[in-house]
file entry13.cif (mmCIF, C-alpha atoms and all ligand atoms)
data_target
#
loop_
_atom_site.label_atom_id
_atom_site.label_comp_id
_atom_site.auth_asym_id
_atom_site.auth_seq_id
_atom_site.Cartn_x
_atom_site.Cartn_y
_atom_site.Cartn_z
CA MET A 1 97.89 83.30 136.00
CA THR A 2 96.63 85.36 133.07
CA VAL A 3 98.18 84.22 129.80
CA GLN A 4 99.32 87.16 127.66
CA ARG A 5 97.46 87.75 124.42
CA ALA A 6 99.62 86.53 121.55
CA ALA A 7 100.06 87.85 118.01
CA LEU A 8 101.72 86.63 114.82
CA VAL A 9 103.19 89.40 112.64
CA THR A 10 104.64 88.64 109.17
CA GLY A 11 107.10 90.88 107.36
CA ALA A 12 108.54 91.57 110.81
CA ARG A 13 111.93 92.74 109.51
CA GLY A 14 110.26 95.27 107.23
CA GLY A 15 109.64 98.92 107.98
CA ILE A 16 105.98 98.55 108.95
CA GLY A 17 106.19 95.01 110.38
CA ALA A 18 109.04 95.93 112.74
CA ALA A 19 107.10 98.96 113.99
CA ILE A 20 104.03 96.78 114.61
CA VAL A 21 106.08 94.21 116.56
CA ALA A 22 107.60 96.97 118.72
CA ARG A 23 104.24 98.65 119.34
CA LEU A 24 102.38 95.44 120.22
CA GLU A 25 105.18 94.37 122.58
CA ALA A 26 104.99 97.79 124.24
CA ASP A 27 101.22 97.25 124.58
CA GLY A 28 101.90 93.99 126.44
CA TRP A 29 101.32 91.47 123.66
CA ALA A 30 103.46 88.35 123.25
CA VAL A 31 104.55 88.69 119.60
CA HIS A 32 105.92 86.09 117.18
CA GLY A 33 107.45 88.18 114.40
CA VAL A 34 108.47 86.29 111.26
CA ASP A 35 110.18 87.11 107.99
CA VAL A 36 111.39 85.21 104.97
CA ASP A 37 113.96 83.15 106.94
CA ASP A 38 111.16 81.72 109.08
CA GLY A 39 108.96 80.71 106.16
CA ASP A 40 108.55 81.64 102.50
CA LEU A 41 105.02 83.02 102.42
CA THR A 42 104.67 82.29 98.70
CA THR A 43 104.29 78.64 99.79
CA ARG A 44 101.58 76.80 101.74
CA GLU A 45 104.24 75.11 103.89
CA GLY A 46 105.76 78.50 104.79
CA ASN A 47 102.42 79.89 105.92
CA ARG A 48 101.57 76.75 107.89
CA ARG A 49 105.01 76.72 109.53
CA VAL A 50 104.78 80.28 110.88
CA VAL A 51 101.28 79.77 112.31
CA GLU A 52 102.31 76.50 113.99
CA ALA A 53 105.47 78.11 115.39
CA ALA A 54 103.46 80.94 116.96
CA ILE A 55 100.96 78.54 118.54
CA ASP A 56 103.77 76.23 119.75
CA ARG A 57 105.62 79.18 121.27
CA PHE A 58 102.74 80.79 123.15
CA GLY A 59 100.15 78.00 123.45
CA ARG A 60 97.53 80.33 121.96
CA LEU A 61 97.02 82.81 119.14
CA ASP A 62 94.80 85.89 119.49
CA ALA A 63 95.79 87.98 116.48
CA VAL A 64 97.32 87.62 113.04
CA VAL A 65 98.83 90.65 111.30
CA PRO A 66 99.99 89.87 107.74
CA SER A 67 102.46 92.62 106.79
CA ALA A 68 104.84 90.83 104.37
CA GLY A 69 104.94 92.35 100.93
CA PHE A 70 106.86 93.79 98.04
CA GLN A 71 106.17 95.88 94.97
CA HIS A 72 106.85 95.47 91.26
CA VAL A 73 106.45 98.45 88.94
CA ALA A 74 106.07 97.83 85.18
CA PRO A 75 103.62 98.62 82.38
CA ILE A 76 101.13 95.84 81.51
CA PRO A 77 102.86 94.60 78.30
CA ASP A 78 106.16 94.21 80.17
CA PHE A 79 104.75 93.07 83.53
CA PRO A 80 106.63 89.82 84.32
CA GLU A 81 104.08 87.02 84.76
CA GLU A 82 106.13 85.40 87.53
CA GLN A 83 106.07 88.70 89.45
CA TRP A 84 102.27 88.78 89.12
CA ASP A 85 102.10 85.25 90.59
CA LYS A 86 104.44 86.18 93.45
CA LEU A 87 102.58 89.40 94.30
CA ILE A 88 99.27 87.54 94.46
CA ALA A 89 100.94 84.79 96.56
CA VAL A 90 102.47 87.11 99.18
CA LEU A 91 99.85 89.86 99.34
CA LEU A 92 96.61 87.88 98.92
CA THR A 93 97.06 84.11 99.21
CA SER A 94 99.29 84.36 102.29
CA PRO A 95 96.71 86.33 104.36
CA PHE A 96 94.10 83.72 103.34
CA LEU A 97 96.32 80.79 104.32
CA LEU A 98 97.40 82.44 107.59
CA ALA A 99 93.74 83.03 108.49
CA ARG A 100 92.82 79.49 107.50
CA TYR A 101 95.60 77.84 109.51
CA ALA A 102 95.07 80.16 112.53
CA TRP A 103 91.25 80.00 112.42
CA ASP A 104 90.65 77.41 115.14
CA ALA A 105 93.17 79.03 117.51
CA LEU A 106 91.62 82.47 116.94
CA ALA A 107 88.13 81.07 117.51
CA ALA A 108 89.28 79.35 120.71
CA THR A 109 90.06 82.75 122.28
CA GLY A 110 86.53 84.05 121.59
CA ASP A 111 88.10 87.39 120.59
CA GLY A 112 90.40 86.70 117.64
CA ARG A 113 91.65 89.48 115.40
CA ILE A 114 92.95 89.45 111.83
CA CYS A 115 94.42 92.78 110.75
CA VAL A 116 95.95 92.72 107.27
CA ILE A 117 98.22 95.54 106.17
CA GLY A 118 96.43 96.55 102.98
CA SER A 119 97.16 99.83 101.20
CA ALA A 120 95.54 102.92 99.75
CA HIS A 121 96.03 100.81 96.60
CA ALA A 122 93.31 98.50 97.97
CA LEU A 123 90.86 101.37 97.33
CA SER A 124 92.34 103.13 94.34
CA ALA A 125 94.63 102.13 91.44
CA SER A 126 97.82 103.60 90.00
CA PRO A 127 99.40 102.81 86.64
CA PHE A 128 102.28 100.30 86.41
CA LYS A 129 101.24 98.41 89.58
CA ALA A 130 98.85 95.79 88.16
CA GLY A 131 99.91 92.95 90.47
CA TYR A 132 100.07 94.99 93.67
CA VAL A 133 96.79 96.86 93.10
CA SER A 134 94.93 93.68 92.16
CA ALA A 135 96.22 91.76 95.19
CA LYS A 136 95.43 94.62 97.58
CA HIS A 137 91.90 95.02 96.18
CA GLY A 138 91.50 91.25 96.62
CA VAL A 139 92.49 91.52 100.28
CA LEU A 140 89.42 93.69 100.92
CA GLY A 141 87.17 90.92 99.60
CA LEU A 142 89.02 88.46 101.82
CA VAL A 143 88.66 90.68 104.90
CA LYS A 144 84.91 91.12 104.32
CA THR A 145 84.46 87.35 103.99
CA LEU A 146 86.60 86.61 107.07
CA ALA A 147 84.50 89.14 109.03
CA LEU A 148 81.22 87.51 108.01
CA GLU A 149 82.40 83.97 108.70
CA GLY A 150 84.22 85.00 111.87
CA ALA A 151 81.36 86.99 113.43
CA GLU A 152 79.79 84.11 115.35
CA LEU A 153 83.22 82.94 116.51
CA GLY A 154 84.29 86.35 117.84
CA ILE A 155 86.86 86.79 115.07
CA SER A 156 87.12 90.27 113.54
CA ALA A 157 88.98 91.15 110.33
CA THR A 158 90.19 94.52 109.04
CA ALA A 159 92.58 95.89 106.43
CA VAL A 160 94.63 98.92 107.43
CA CYS A 161 95.13 100.96 104.24
CA PRO A 162 98.05 103.39 104.46
CA ALA A 163 99.26 105.89 101.90
CA TYR A 164 103.03 105.99 101.37
CA VAL A 165 105.06 105.08 104.46
CA ARG A 166 108.77 105.83 104.97
CA THR A 167 110.15 102.27 104.49
CA PRO A 168 112.65 100.37 102.30
CA LEU A 169 109.71 99.32 100.08
CA VAL A 170 109.02 102.95 99.20
CA GLU A 171 112.67 103.89 98.88
CA ALA A 172 113.09 101.05 96.33
CA GLN A 173 110.11 102.34 94.37
CA ILE A 174 111.52 105.79 93.84
CA SER A 175 114.16 104.57 91.36
CA ALA A 176 111.73 102.10 89.71
CA GLN A 177 109.11 104.83 89.27
CA ALA A 178 111.74 107.15 87.81
CA ARG A 179 112.49 104.55 85.11
CA ALA A 180 108.78 103.80 84.41
CA HIS A 181 107.79 107.46 84.15
CA GLY A 182 111.05 108.63 82.54
CA ILE A 183 111.60 111.43 85.07
CA ASP A 184 114.28 112.34 87.62
CA GLU A 185 114.31 110.40 90.88
CA ALA A 186 114.21 113.72 92.73
CA LYS A 187 110.83 114.54 91.15
CA VAL A 188 109.29 111.11 91.83
CA LEU A 189 108.45 111.68 95.47
CA GLU A 190 106.75 115.03 94.91
CA ASP A 191 105.13 114.55 91.51
CA VAL A 192 104.33 110.81 91.41
CA LEU A 193 104.26 109.17 94.85
CA LEU A 194 102.63 112.01 96.76
CA GLU A 195 100.61 113.36 93.82
CA ARG A 196 97.38 111.70 95.05
CA GLN A 197 97.76 112.62 98.72
CA ALA A 198 96.17 115.86 99.93
CA VAL A 199 98.79 115.98 102.70
CA LYS A 200 102.24 115.94 101.06
CA ARG A 201 104.30 113.86 103.46
CA LEU A 202 105.22 110.23 104.04
CA LEU A 203 103.56 108.42 106.95
CA GLU A 204 105.89 107.04 109.62
CA PRO A 205 105.73 103.28 110.32
CA SER A 206 104.80 104.08 113.94
CA GLU A 207 101.59 105.78 112.72
CA VAL A 208 100.50 102.56 111.02
CA ALA A 209 101.47 100.52 114.08
CA ALA A 210 99.36 102.80 116.31
CA VAL A 211 96.23 102.07 114.25
CA VAL A 212 96.95 98.33 114.34
CA SER A 213 97.37 98.64 118.11
CA PHE A 214 93.93 100.23 118.40
CA LEU A 215 92.25 97.68 116.13
CA LEU A 216 93.70 94.84 118.23
CA SER A 217 92.71 96.52 121.50
CA PRO A 218 89.43 95.92 123.35
CA ASP A 219 88.10 99.24 121.97
CA GLY A 220 88.76 98.09 118.39
CA ARG A 221 86.56 95.04 118.65
CA GLY A 222 83.57 96.53 116.81
CA ILE A 223 85.54 97.38 113.69
CA THR A 224 85.29 94.45 111.29
CA GLY A 225 84.87 93.72 107.60
CA VAL A 226 86.15 97.14 106.54
CA PRO A 227 89.22 98.92 105.20
CA VAL A 228 90.71 101.38 107.70
CA PRO A 229 92.42 104.06 105.59
CA ILE A 230 95.35 106.12 106.90
CA ASP A 231 95.72 107.86 103.59
CA LEU A 232 96.46 111.56 104.18
CA GLY A 233 93.44 112.48 102.08
CA TRP A 234 94.29 110.17 99.14
CA THR A 235 90.76 108.75 98.69
CA ALA A 236 88.97 112.04 99.49
CA ARG A 237 89.32 113.05 95.83
N1 LIG B 301 105.68 101.28 102.62
C1 LIG B 301 104.55 101.78 102.18
O1 LIG B 301 104.46 102.93 101.72
C2 LIG B 301 103.29 100.97 102.23
C3 LIG B 301 102.08 101.62 102.00
C4 LIG B 301 100.91 100.89 102.04
C5 LIG B 301 100.95 99.53 102.32
N2 LIG B 301 102.14 98.92 102.54
C6 LIG B 301 102.14 97.49 102.84
O2 LIG B 301 102.68 97.28 104.11
C7 LIG B 301 103.26 95.96 104.18
C8 LIG B 301 104.67 96.07 104.74
O3 LIG B 301 105.45 96.84 103.85
P1 LIG B 301 106.82 97.56 104.28
O4 LIG B 301 106.73 98.94 103.77
O5 LIG B 301 107.10 97.31 105.70
O6 LIG B 301 107.84 96.78 103.33
P2 LIG B 301 109.29 96.23 103.62
O7 LIG B 301 109.87 95.91 102.29
O8 LIG B 301 110.03 97.15 104.53
O9 LIG B 301 108.98 94.89 104.42
C9 LIG B 301 108.31 93.82 103.84
C10 LIG B 301 108.83 92.54 104.46
O10 LIG B 301 108.13 91.44 103.86
C11 LIG B 301 109.03 90.37 103.75
N3 LIG B 301 108.65 89.45 102.69
C12 LIG B 301 108.54 89.73 101.36
N4 LIG B 301 108.27 88.61 100.68
C13 LIG B 301 108.21 87.60 101.59
C14 LIG B 301 107.98 86.19 101.49
N5 LIG B 301 107.80 85.58 100.30
N6 LIG B 301 107.96 85.47 102.63
C15 LIG B 301 108.18 86.06 103.83
N7 LIG B 301 108.41 87.37 103.98
C16 LIG B 301 108.44 88.12 102.87
C17 LIG B 301 110.37 91.04 103.39
O11 LIG B 301 111.49 90.19 103.69
C18 LIG B 301 110.33 92.32 104.21
O12 LIG B 301 111.03 92.22 105.44
C19 LIG B 301 103.17 95.39 102.76
O13 LIG B 301 102.06 94.55 102.63
C20 LIG B 301 102.98 96.64 101.91
O14 LIG B 301 102.31 96.33 100.71
C21 LIG B 301 103.32 99.61 102.51
#
call {"tool": "encode", "arguments": {"input": "entry13.cif", "output": "structure tokens", "more": "lines below"}}
Ligand SMILES: NC(=O)c1ccc[n+]([C@@H]2O[C@H](COP(=O)([O-])OP(=O)(O)OC[C@H]3O[C@@H](n4cnc5c(N)ncnc54)[C@H](O)[C@@H]3O)[C@@H](O)[C@H]2O)c1
result
Amino acid sequence: MTVQRAALVTGARGGIGAAIVARLEADGWAVHGVDVDDGDLTTREGNRRVVEAAIDRFGRLDAVVPSAGFQHVAPIPDFPEEQWDKLIAVLLTSPFLLARYAWDALAATGDGRICVIGSAHALSASPFKAGYVSAKHGVLGLVKTLALEGAELGISATAVCPAYVRTPLVEAQISAQARAHGIDEAKVLEDVLLERQAVKRLLEPSEVAAVVSFLLSPDGRGITGVPVPIDLGWTAR
């Protein structure tokens, strides 16, 4: 009997994570979706627990998709230091720990995939997002290193880098951005969030999930060590 390919997806209750779980299941993957109740990804124990649970459940692990995250918007002098630590923990250290703990299982398949949900903010900065931008830029360094070390083991690593996606994370930012910039919430979407995008619309979570689906598919195997932007023209400028 052929054993289904199995994936671990973090942030599975979130807008993008839930769409990835649904898409991979529709593609025929066995998916272990986890969120904060299954393990606090700011801790080593939380990261270890979710990897072990996925391997225990399916007896194998072929792909890891770190999608947990949050945002904090504040100018540098007011940026809370504990929020900096937490952003780095969830957005950068967690993907490293997940890869580390899953490494042997991914190598055992001969075709392991790590696909981190990065951001257009992995390639370009915005004011008031020091922690998020720094963590997302760091993820690109991690992905490049994972790709180099994973090459001989058949492990590929990529960072999908979306522009703004219609999720609770973005909806929460609209009021925070309004406070930081001192403008109406109604103007935030048009003048601040979408200011950098050539195409003035939000991405849908399903569009991000479709790219993850391709990267995890047999045809996506050659893409490794790179960001994969879905940025509506953001970085073309
Ligand atoms: N929404 C966007 O516009 C957008 C754009 C580019 C990149 N991203 C990235 O996509 C990923 C998913 O974002 P989303 O929009 O789905 O956000 P979301 O807020 O809808 O979901 C994020 C999920 O992560 C979980 N999470 C947060 N901290 C955690 C912790 N310590 N332990 C375990 N789980 C934790 C939350 O509970 C939540 O369910 C994030 O990495 C985000 O940075 C989002």
call {"tool": "closest_residue", "arguments": {"input": "entry13.cif", "among": "A:His121, A:Arg100, A:Arg201, A:Arg49", "to": "ligand LIG 301 (chain B)", "atoms": "all atoms listed in the file"}}
result
A:His121
call {"tool": "residues_near_ligand", "arguments": {"input": "entry13.cif", "ligand": "ligand LIG 301 (chain B)", "cutoff": "8 Å", "atoms": "only C-alpha atoms and all ligand atoms", "output": "mmCIF file with C-alpha atoms, keeping the file's coordinate frame"}}
result
data_model
loop_
_atom_site.group_PDB
_atom_site.id
_atom_site.type_symbol
_atom_site.label_atom_id
_atom_site.label_comp_id
_atom_site.auth_asym_id
_atom_site.auth_seq_id
_atom_site.Cartn_x
_atom_site.Cartn_y
_atom_site.Cartn_z
ATOM 1 C CA THR A 10 104.640 88.640 109.170
ATOM 2 C CA GLY A 11 107.100 90.880 107.360
ATOM 3 C CA ALA A 12 108.540 91.570 110.810
ATOM 4 C CA ARG A 13 111.930 92.740 109.510
ATOM 5 C CA GLY A 14 110.260 95.270 107.230
ATOM 6 C CA GLY A 15 109.640 98.920 107.980
ATOM 7 C CA ILE A 16 105.980 98.550 108.950
ATOM 8 C CA GLY A 17 106.190 95.010 110.380
ATOM 9 C CA ALA A 18 109.040 95.930 112.740
ATOM 10 C CA VAL A 34 108.470 86.290 111.260
ATOM 11 C CA ASP A 35 110.180 87.110 107.990
ATOM 12 C CA VAL A 36 111.390 85.210 104.970
ATOM 13 C CA ASP A 37 113.960 83.150 106.940
ATOM 14 C CA ASP A 38 111.160 81.720 109.080
ATOM 15 C CA GLY A 39 108.960 80.710 106.160
ATOM 16 C CA ASP A 40 108.550 81.640 102.500
ATOM 17 C CA LEU A 41 105.020 83.020 102.420
ATOM 18 C CA THR A 42 104.670 82.290 98.700
ATOM 19 C CA THR A 43 104.290 78.640 99.790
ATOM 20 C CA GLY A 46 105.760 78.500 104.790
ATOM 21 C CA PRO A 66 99.990 89.870 107.740
ATOM 22 C CA SER A 67 102.460 92.620 106.790
ATOM 23 C CA ALA A 68 104.840 90.830 104.370
ATOM 24 C CA GLY A 69 104.940 92.350 100.930
ATOM 25 C CA PHE A 70 106.860 93.790 98.040
ATOM 26 C CA GLN A 71 106.170 95.880 94.970
ATOM 27 C CA LYS A 86 104.440 86.180 93.450
ATOM 28 C CA ALA A 89 100.940 84.790 96.560
ATOM 29 C CA VAL A 90 102.470 87.110 99.180
ATOM 30 C CA LEU A 91 99.850 89.860 99.340
ATOM 31 C CA VAL A 116 95.950 92.720 107.270
ATOM 32 C CA ILE A 117 98.220 95.540 106.170
ATOM 33 C CA GLY A 118 96.430 96.550 102.980
ATOM 34 C CA SER A 119 97.160 99.830 101.200
ATOM 35 C CA ALA A 120 95.540 102.920 99.750
ATOM 36 C CA HIS A 121 96.030 100.810 96.600
ATOM 37 C CA TYR A 132 100.070 94.990 93.670
ATOM 38 C CA LYS A 136 95.430 94.620 97.580
ATOM 39 C CA CYS A 161 95.130 100.960 104.240
ATOM 40 C CA PRO A 162 98.050 103.390 104.460
ATOM 41 C CA ALA A 163 99.260 105.890 101.900
ATOM 42 C CA TYR A 164 103.030 105.990 101.370
ATOM 43 C CA VAL A 165 105.060 105.080 104.460
ATOM 44 C CA ARG A 166 108.770 105.830 104.970
ATOM 45 C CA THR A 167 110.150 102.270 104.490
ATOM 46 C CA PRO A 168 112.650 100.370 102.300
ATOM 47 C CA LEU A 169 109.710 99.320 100.080
ATOM 48 C CA VAL A 170 109.020 102.950 99.200
ATOM 49 C CA LEU A 202 105.220 110.230 104.040
ATOM 50 C CA LEU A 203 103.560 108.420 106.950
ATOM 51 C CA PRO A 205 105.730 103.280 110.320
#
call {"tool": "axis_aligned_box", "arguments": {"input": "entry13.cif", "around": "range 164-177 of chain A", "padding_each_side": "8 Å", "output": "JSON"}}
result
{"center_x": 108.6, "center_y": 102.7, "center_z": 97.1, "size_x": 27.1, "size_y": 22.7, "size_z": 31.7}
call {"tool": "residues_around", "arguments": {"input": "entry13.cif", "residues": "Ile174 in chain A", "least_positions_apart": "6", "cutoff": "12 Å", "atoms": "only C-alpha atoms", "output": "list in words"}}
result
Gln71, His72, Val73, Tyr164, Arg166, Thr167, Pro168, Ala180, His181, Gly182, Ile183, Asp184, Glu185, Ala186, Lys187, Val188, Leu189, Glu190, Asp191, Val192, Leu193 and Leu194 of chain A
call {"tool": "atom_distance", "arguments": {"input": "entry13.cif", "atom1": "CA of Trp84 in chain A", "atom2": "CA of Pro127 in chain A"}}
result
14.5 Å
call {"tool": "atom_distance", "arguments": {"input": "entry13.cif", "atom1": "CA of Pro229 in chain A", "atom2": "CA of Ala130 in chain A"}}
result
20.3 Å
call {"tool": "residues_near_point", "arguments": {"input": "entry13.cif", "point": "(90.4, 100.0, 108.1)", "cutoff": "8 Å", "atoms": "all atoms listed in the file", "output": "PyMOL selection string"}}
result
chain A and resi 158-161+223+226-230
call {"tool": "write_last_selection", "arguments": {"input": "entry13.cif", "atoms": "C-alpha atoms", "output": "PDB file, in the frame of the given file"}}
result
ATOM      1  CA  THR A 158      90.190  94.520 109.040  1.00  0.00           C
ATOM      2  CA  ALA A 159      92.580  95.890 106.430  1.00  0.00           C
ATOM      3  CA  VAL A 160      94.630  98.920 107.430  1.00  0.00           C
ATOM      4  CA  CYS A 161      95.130 100.960 104.240  1.00  0.00           C
ATOM      5  CA  ILE A 223      85.540  97.380 113.690  1.00  0.00           C
ATOM      6  CA  VAL A 226      86.150  97.140 106.540  1.00  0.00           C
ATOM      7  CA  PRO A 227      89.220  98.920 105.200  1.00  0.00           C
ATOM      8  CA  VAL A 228      90.710 101.380 107.700  1.00  0.00           C
ATOM      9  CA  PRO A 229      92.420 104.060 105.590  1.00  0.00           C
ATOM     10  CA  ILE A 230      95.350 106.120 106.900  1.00  0.00           C
TER      11      ILE A 230
END
call {"tool": "residues_near_point", "arguments": {"input": "entry13.cif", "point": "(91.9, 75.3, 114.3)", "cutoff": "12 Å", "atoms": "only C-alpha atoms", "output": "JSON, numbers by chain"}}
result
{"A": [48, 51, 52, 55, 60, 61, 98, 99, 100, 101, 102, 103, 104, 105, 106, 107, 108, 109, 112, 153]}
call {"tool": "write_last_selection", "arguments": {"input": "entry13.cif", "atoms": "C-alpha atoms", "output": "compact mmCIF listing (two decimals), in the frame of the given file"}}
result
# COMPACT_ATOMS: atom_id res chain seq x y z
CA ARG A 48 101.57 76.75 107.89
CA VAL A 51 101.28 79.77 112.31
CA GLU A 52 102.31 76.50 113.99
CA ILE A 55 100.96 78.54 118.54
CA ARG A 60 97.53 80.33 121.96
CA LEU A 61 97.02 82.81 119.14
CA LEU A 98 97.40 82.44 107.59
CA ALA A 99 93.74 83.03 108.49
CA ARG A 100 92.82 79.49 107.50
CA TYR A 101 95.60 77.84 109.51
CA ALA A 102 95.07 80.16 112.53
CA TRP A 103 91.25 80.00 112.42
CA ASP A 104 90.65 77.41 115.14
CA ALA A 105 93.17 79.03 117.51
CA LEU A 106 91.62 82.47 116.94
CA ALA A 107 88.13 81.07 117.51
CA ALA A 108 89.28 79.35 120.71
CA THR A 109 90.06 82.75 122.28
CA GLY A 112 90.40 86.70 117.64
CA LEU A 153 83.22 82.94 116.51
call {"tool": "residues_around", "arguments": {"input": "entry13.cif", "residues": "range 137-148 of chain A", "least_positions_apart": "3", "cutoff": "6 Å", "atoms": "all atoms listed in the file", "output": "ChimeraX atom specification"}}
result
/A:92,122,134,151,156-158,224-225
call {"tool": "closest_residue", "arguments": {"input": "entry13.cif", "among": "A:Ala19, A:Ala135, A:Ala54, A:Ala176", "to": "Thr93 in chain A", "atoms": "all atoms listed in the file"}}
result
A:Ala135
call {"tool": "atom_distance", "arguments": {"input": "entry13.cif", "atom1": "CA of Asp111 in chain A", "atom2": "CA of Ala22 in chain A"}}
result
21.8 Å
call {"tool": "residues_around", "arguments": {"input": "entry13.cif", "residues": "Gly28 in chain A", "least_positions_apart": "2", "cutoff": "8 Å", "atoms": "all atoms listed in the file", "output": "JSON, numbers by chain"}}
result
{"A": [4, 5, 24, 25, 26, 30]}
call {"tool": "closest_residue", "arguments": {"input": "entry13.cif", "among": "A:Ala198, A:Gly220, A:Arg57, A:Gln83", "to": "Thr235 in chain A", "atoms": "all atoms listed in the file"}}
result
A:Ala198
call {"tool": "closest_residue", "arguments": {"input": "entry13.cif", "among": "A:Ala172, A:Ser213, A:Leu123, A:Ser206", "to": "Arg237 in chain A", "atoms": "all atoms listed in the file"}}
result
A:Leu123
call {"tool": "decode", "arguments": {"input": "entry13.cif", "residues": "range 110-156 of chain A", "atoms": "C-alpha atoms", "output": "CSV table (one decimal), in the first residue's frame"}}
result
chain,number,residue,atom,x,y,z
A,110,GLY,CA,14.4,11.4,-0.1
A,111,ASP,CA,12.1,14.2,-1.3
A,112,GLY,CA,11.4,16.5,1.8
A,113,ARG,CA,10.1,20.0,1.4
A,114,ILE,CA,10.2,23.0,3.7
A,115,CYS,CA,8.0,25.9,2.5
A,116,VAL,CA,8.0,28.8,4.9
A,117,ILE,CA,5.3,31.5,4.5
A,118,GLY,CA,7.6,34.5,4.3
A,119,SER,CA,6.3,37.9,3.1
A,120,ALA,CA,6.9,40.7,0.6
A,121,HIS,CA,8.5,42.1,3.8
A,122,ALA,CA,11.2,39.5,3.5
A,123,LEU,CA,12.4,41.4,0.4
A,124,SER,CA,11.5,45.0,1.2
A,125,ALA,CA,10.9,47.0,4.4
A,126,SER,CA,8.1,49.3,5.7
A,127,PRO,CA,8.3,51.7,8.5
A,128,PHE,CA,6.9,50.8,12.0
A,129,LYS,CA,7.5,47.0,11.4
A,130,ALA,CA,11.0,46.5,12.7
A,131,GLY,CA,10.4,43.1,14.3
A,132,TYR,CA,8.4,41.6,11.5
A,133,VAL,CA,10.6,42.9,8.6
A,134,SER,CA,13.8,41.7,10.4
A,135,ALA,CA,12.4,38.3,11.1
A,136,LYS,CA,11.1,37.8,7.6
A,137,HIS,CA,14.4,38.9,6.0
A,138,GLY,CA,16.1,36.4,8.4
A,139,VAL,CA,13.9,33.6,7.1
A,140,LEU,CA,15.4,34.1,3.6
A,141,GLY,CA,18.8,33.4,5.0
A,142,LEU,CA,17.5,30.4,6.8
A,143,VAL,CA,15.8,29.0,3.6
A,144,LYS,CA,19.0,29.5,1.6
A,145,THR,CA,21.0,27.6,4.2
A,146,LEU,CA,18.4,24.8,4.5
A,147,ALA,CA,18.5,24.4,0.7
A,148,LEU,CA,22.3,24.1,0.6
A,149,GLU,CA,22.5,21.7,3.5
A,150,GLY,CA,19.4,19.8,2.3
A,151,ALA,CA,20.5,19.4,-1.3
A,152,GLU,CA,22.3,16.1,-0.9
A,153,LEU,CA,19.4,14.7,1.2
A,154,GLY,CA,16.7,15.6,-1.3
A,155,ILE,CA,15.3,18.3,1.0
A,156,SER,CA,14.3,21.6,-0.7
